[in-house]
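Before any comments, here is the structure.
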Amino acid sequence: MTVLINGKLISQQVIDETAKEVSTFVEDFGLAPGLAVVLVGEDPASQVYVRNKVKRAEEVGIRSLEYKLPATSSQEALDDLIQTLNADSTVHGILVQLPLPDHLNEEAVLLAIDPAKDVDGFHPLNVGALACGDASLVPCTPMGCMIMLAHVHPDLSGKQAVVIGRSNIVGKPMAALLLQANCTVTVVHSRTKNIESICSQADIVVAAIGRPEMVKASWIKPGATVIDVGINAIERDGKRKLVGDVDFADVEPVASAITPVPGGVGPMTIACLMKNTLQAAKNQVLKP
Ligand SMILES: NC(=O)C1=CN([C@@H]2O[C@H](COP(=O)(O)OP(=O)(O)OC[C@H]3O[C@@H](n4cnc5c(N)ncnc54)[C@H](OP(=O)(O)O)[C@@H]3O)[C@@H](O)[C@H]2O)C=CC1
Ligand SMILES: Nc1nc(=O)c2c([nH]1)NC[C@@H]1CN(c3ccc(C(=O)N[C@@H](CCC(=O)O)C(=O)O)cc3)C=[N+]21
Ligand SMILES: [Mg+2]
């Protein structure tokens, strides 16, 4: 029997825990943690995520502010907004929804965010801290994957883990966290040769590719754990559908545990964003 790692359920546990801690924070400090979400342009997928974030924030007692800038916004307008948010002591977390429109410089924007408010963990200072193993703000998606993994592997030590994808948002920080948990980590990507045979030796496969249903049963060692980060909108039988980077129907019988899409990593990402916002607020109130 394959275990379905239920992201909806586990994320609700994280949300409930965070909500409790938020109310303690409010009692102790007399203000709610504040999260600012910045969305540039009208990308429909981004709008869905932003809506979910705002909804969840309300649920845990985090004050959320939504900033929508037109797709044609200048770098200066975005920088100005970030400086204003950096200076606002009631804003503890800042998230700029990625990707940005092409004319904007993503790197410059991430550098402009106060590292103490960087709830995505994308600022170079926080990336460095993660690499050193002492990060306070860990990227939300990899953190969510680790929480899910802990449910099926209380001890990850010595496991062979393969991460498919090497983006700054998912693949690289995921590999860093698995390494910190004493896994033997291999990262594969678009230039990797024999990707299937490398994956098929892994105890744990994390797929963060952005290719609908690319990972097949033949890639997976019988009994392995599969974490599917992919979120791909496809059309099947004339209907719009959300699928992962893993061919779920094919892989599920082979794996010992697997995350579904939707209802897997996605909700965990949002729950971890709430956790990070609380963490950032604590850090700022305790050592401003
Ligand atoms: N559930 C959630 O909360 C989140 C989900 N996502 C989803 O996760 C997926 C990955 O996102 P992200 O990391 O941002 O994507 P990127 O496009 O930034 O990175 C994709 C990675 O996959 C690699 N890759 C692409 N094609 C292949 C291939 N054919 N074979 C092997 N490797 C390949 C790329 O290699 P190379 O570096 O060589 O180009 C790259 O490293 C997407 O579906 C995205 O929507 C993302 C963030 C959060
Ligand atoms: N600065 C930044 N930080 C991010 O964390 C970030 C980002 N930019 N850009 C885009 C990606 C993607 N991402 C998701 C978050 C939640 C779901 C999610 O809630 N998914 C639900 C359902 C989604 C739906 O119904 O469409 C699920 O999988 O069950 C998915 C994807 C965060 N990202
Ligand atoms: Mg750009």
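Residues in the structure tokens are numbered from 1 in each chain, the chains being A, B, ... in the order shown, and ligands are numbered from 1 in the order shown.
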message = At a cut-off of 6 Å and counting only C-alpha atoms and all ligand atoms, what residues surround ligand 3? Please answer as a VMD selection string.
response = chain A and resid 100 to 106
Within 8 Å of ligand 1 (only C-alpha atoms and all ligand atoms), residues as a PyMOL selection string = chain A and resi 140-141+164-171+188-192+195+207-212+214+228-232+244-245+264-270
Mind dumping the selected residues with C-alpha atoms as a short mmCIF file (atom, residue, chain, number, x, y, z; two decimals), in the first residue's frame?
```
data_model
loop_
_atom_site.label_atom_id
_atom_site.label_comp_id
_atom_site.auth_asym_id
_atom_site.auth_seq_id
_atom_site.Cartn_x
_atom_site.Cartn_y
_atom_site.Cartn_z
CA CYS A 140 8.86 28.03 1.88
CA THR A 141 8.52 25.28 -0.73
CA ILE A 164 15.38 17.06 -10.16
CA GLY A 165 15.80 20.78 -10.92
CA ARG A 166 18.31 23.38 -9.70
CA SER A 167 16.35 26.63 -9.49
CA ASN A 168 17.08 29.15 -6.74
CA ILE A 169 13.45 28.87 -5.56
CA VAL A 170 13.18 25.10 -5.19
CA GLY A 171 15.98 22.80 -6.39
CA VAL A 188 20.05 16.55 -11.74
CA HIS A 189 18.94 19.05 -14.39
CA SER A 190 18.44 19.60 -18.11
CA ARG A 191 22.10 18.86 -18.95
CA THR A 192 22.24 15.65 -16.90
CA ILE A 195 18.72 11.04 -15.56
CA ALA A 207 10.74 16.62 -8.72
CA ALA A 208 10.87 20.40 -9.37
CA ILE A 209 11.10 20.59 -13.14
CA GLY A 210 8.06 22.34 -14.56
CA ARG A 211 7.41 19.54 -17.10
CA PRO A 212 3.98 17.92 -16.79
CA MET A 214 7.77 13.76 -16.88
CA ASP A 228 6.12 16.26 -6.56
CA VAL A 229 6.68 20.03 -6.49
CA GLY A 230 5.45 20.65 -10.03
CA ILE A 231 2.34 22.73 -10.69
CA ASN A 232 1.39 22.54 -14.37
CA GLY A 244 2.61 17.68 -11.23
CA ASP A 245 6.00 16.84 -12.72
CA GLY A 264 0.49 18.24 -1.92
CA VAL A 265 3.39 20.66 -1.83
CA GLY A 266 1.31 23.73 -2.86
CA PRO A 267 -0.66 24.12 0.38
CA MET A 268 2.53 23.39 2.37
CA THR A 269 4.27 26.32 0.68
CA ILE A 270 1.59 28.71 1.84
#
```
task = Please return as number ranges by chain: the residues of region 101-286 of chain A that backbone DSSP assigns to helix (DSSP H, G or I).
result = A: 106-112, 115-117, 124-132, 140-152, 171-180, 195-199, 217-219, 248-251, 265-286
key: strand (DSSP E or B) residues, from DSSP on the backbone, in region 147-279 of chain A, as a PyMOL selection string   = chain A and resi 160-164+184-188+204-207+215+225-228+232-236+239-243+246+257-258
message = Would you pick out the contacts of His153 (chain A) at 10 Å or less, using only C-alpha atoms, so that residues sharing its chain but fewer than 5 positions from it are not included, and give the list as an MDAnalysis selection string?
response = chainID A and resid 146:148 159 204 225
Any chance you could export the current selection's N, CA and C atoms as a compact mmCIF listing (two decimals), in the first residue's frame?
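That gives us again_34.txt:
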```
# COMPACT_ATOMS: atom_id res chain seq x y z
N MET A 146 10.26 19.27 3.32
CA MET A 146 10.95 18.62 4.45
C MET A 146 9.94 18.21 5.52
N ILE A 147 8.95 19.05 5.77
CA ILE A 147 7.92 18.71 6.78
C ILE A 147 7.15 17.47 6.31
N MET A 148 6.83 17.42 5.03
CA MET A 148 6.12 16.25 4.49
C MET A 148 6.98 15.00 4.59
N LYS A 159 20.00 8.44 3.67
CA LYS A 159 19.15 8.16 2.51
C LYS A 159 19.78 8.77 1.24
N ILE A 204 14.70 8.75 -2.15
CA ILE A 204 13.81 9.91 -2.15
C ILE A 204 14.01 10.68 -3.45
N THR A 225 10.30 7.15 -1.93
CA THR A 225 9.36 8.23 -1.60
C THR A 225 9.48 9.31 -2.67
```
task = Find the residues near Leu39 (chain A): any atom within 8 Å, counting only C-alpha atoms, skip ones fewer than 3 places away on the same chain, and give them as an MDAnalysis selection string.
result = chainID A and resid 42 46:47 50 66:69 96:97
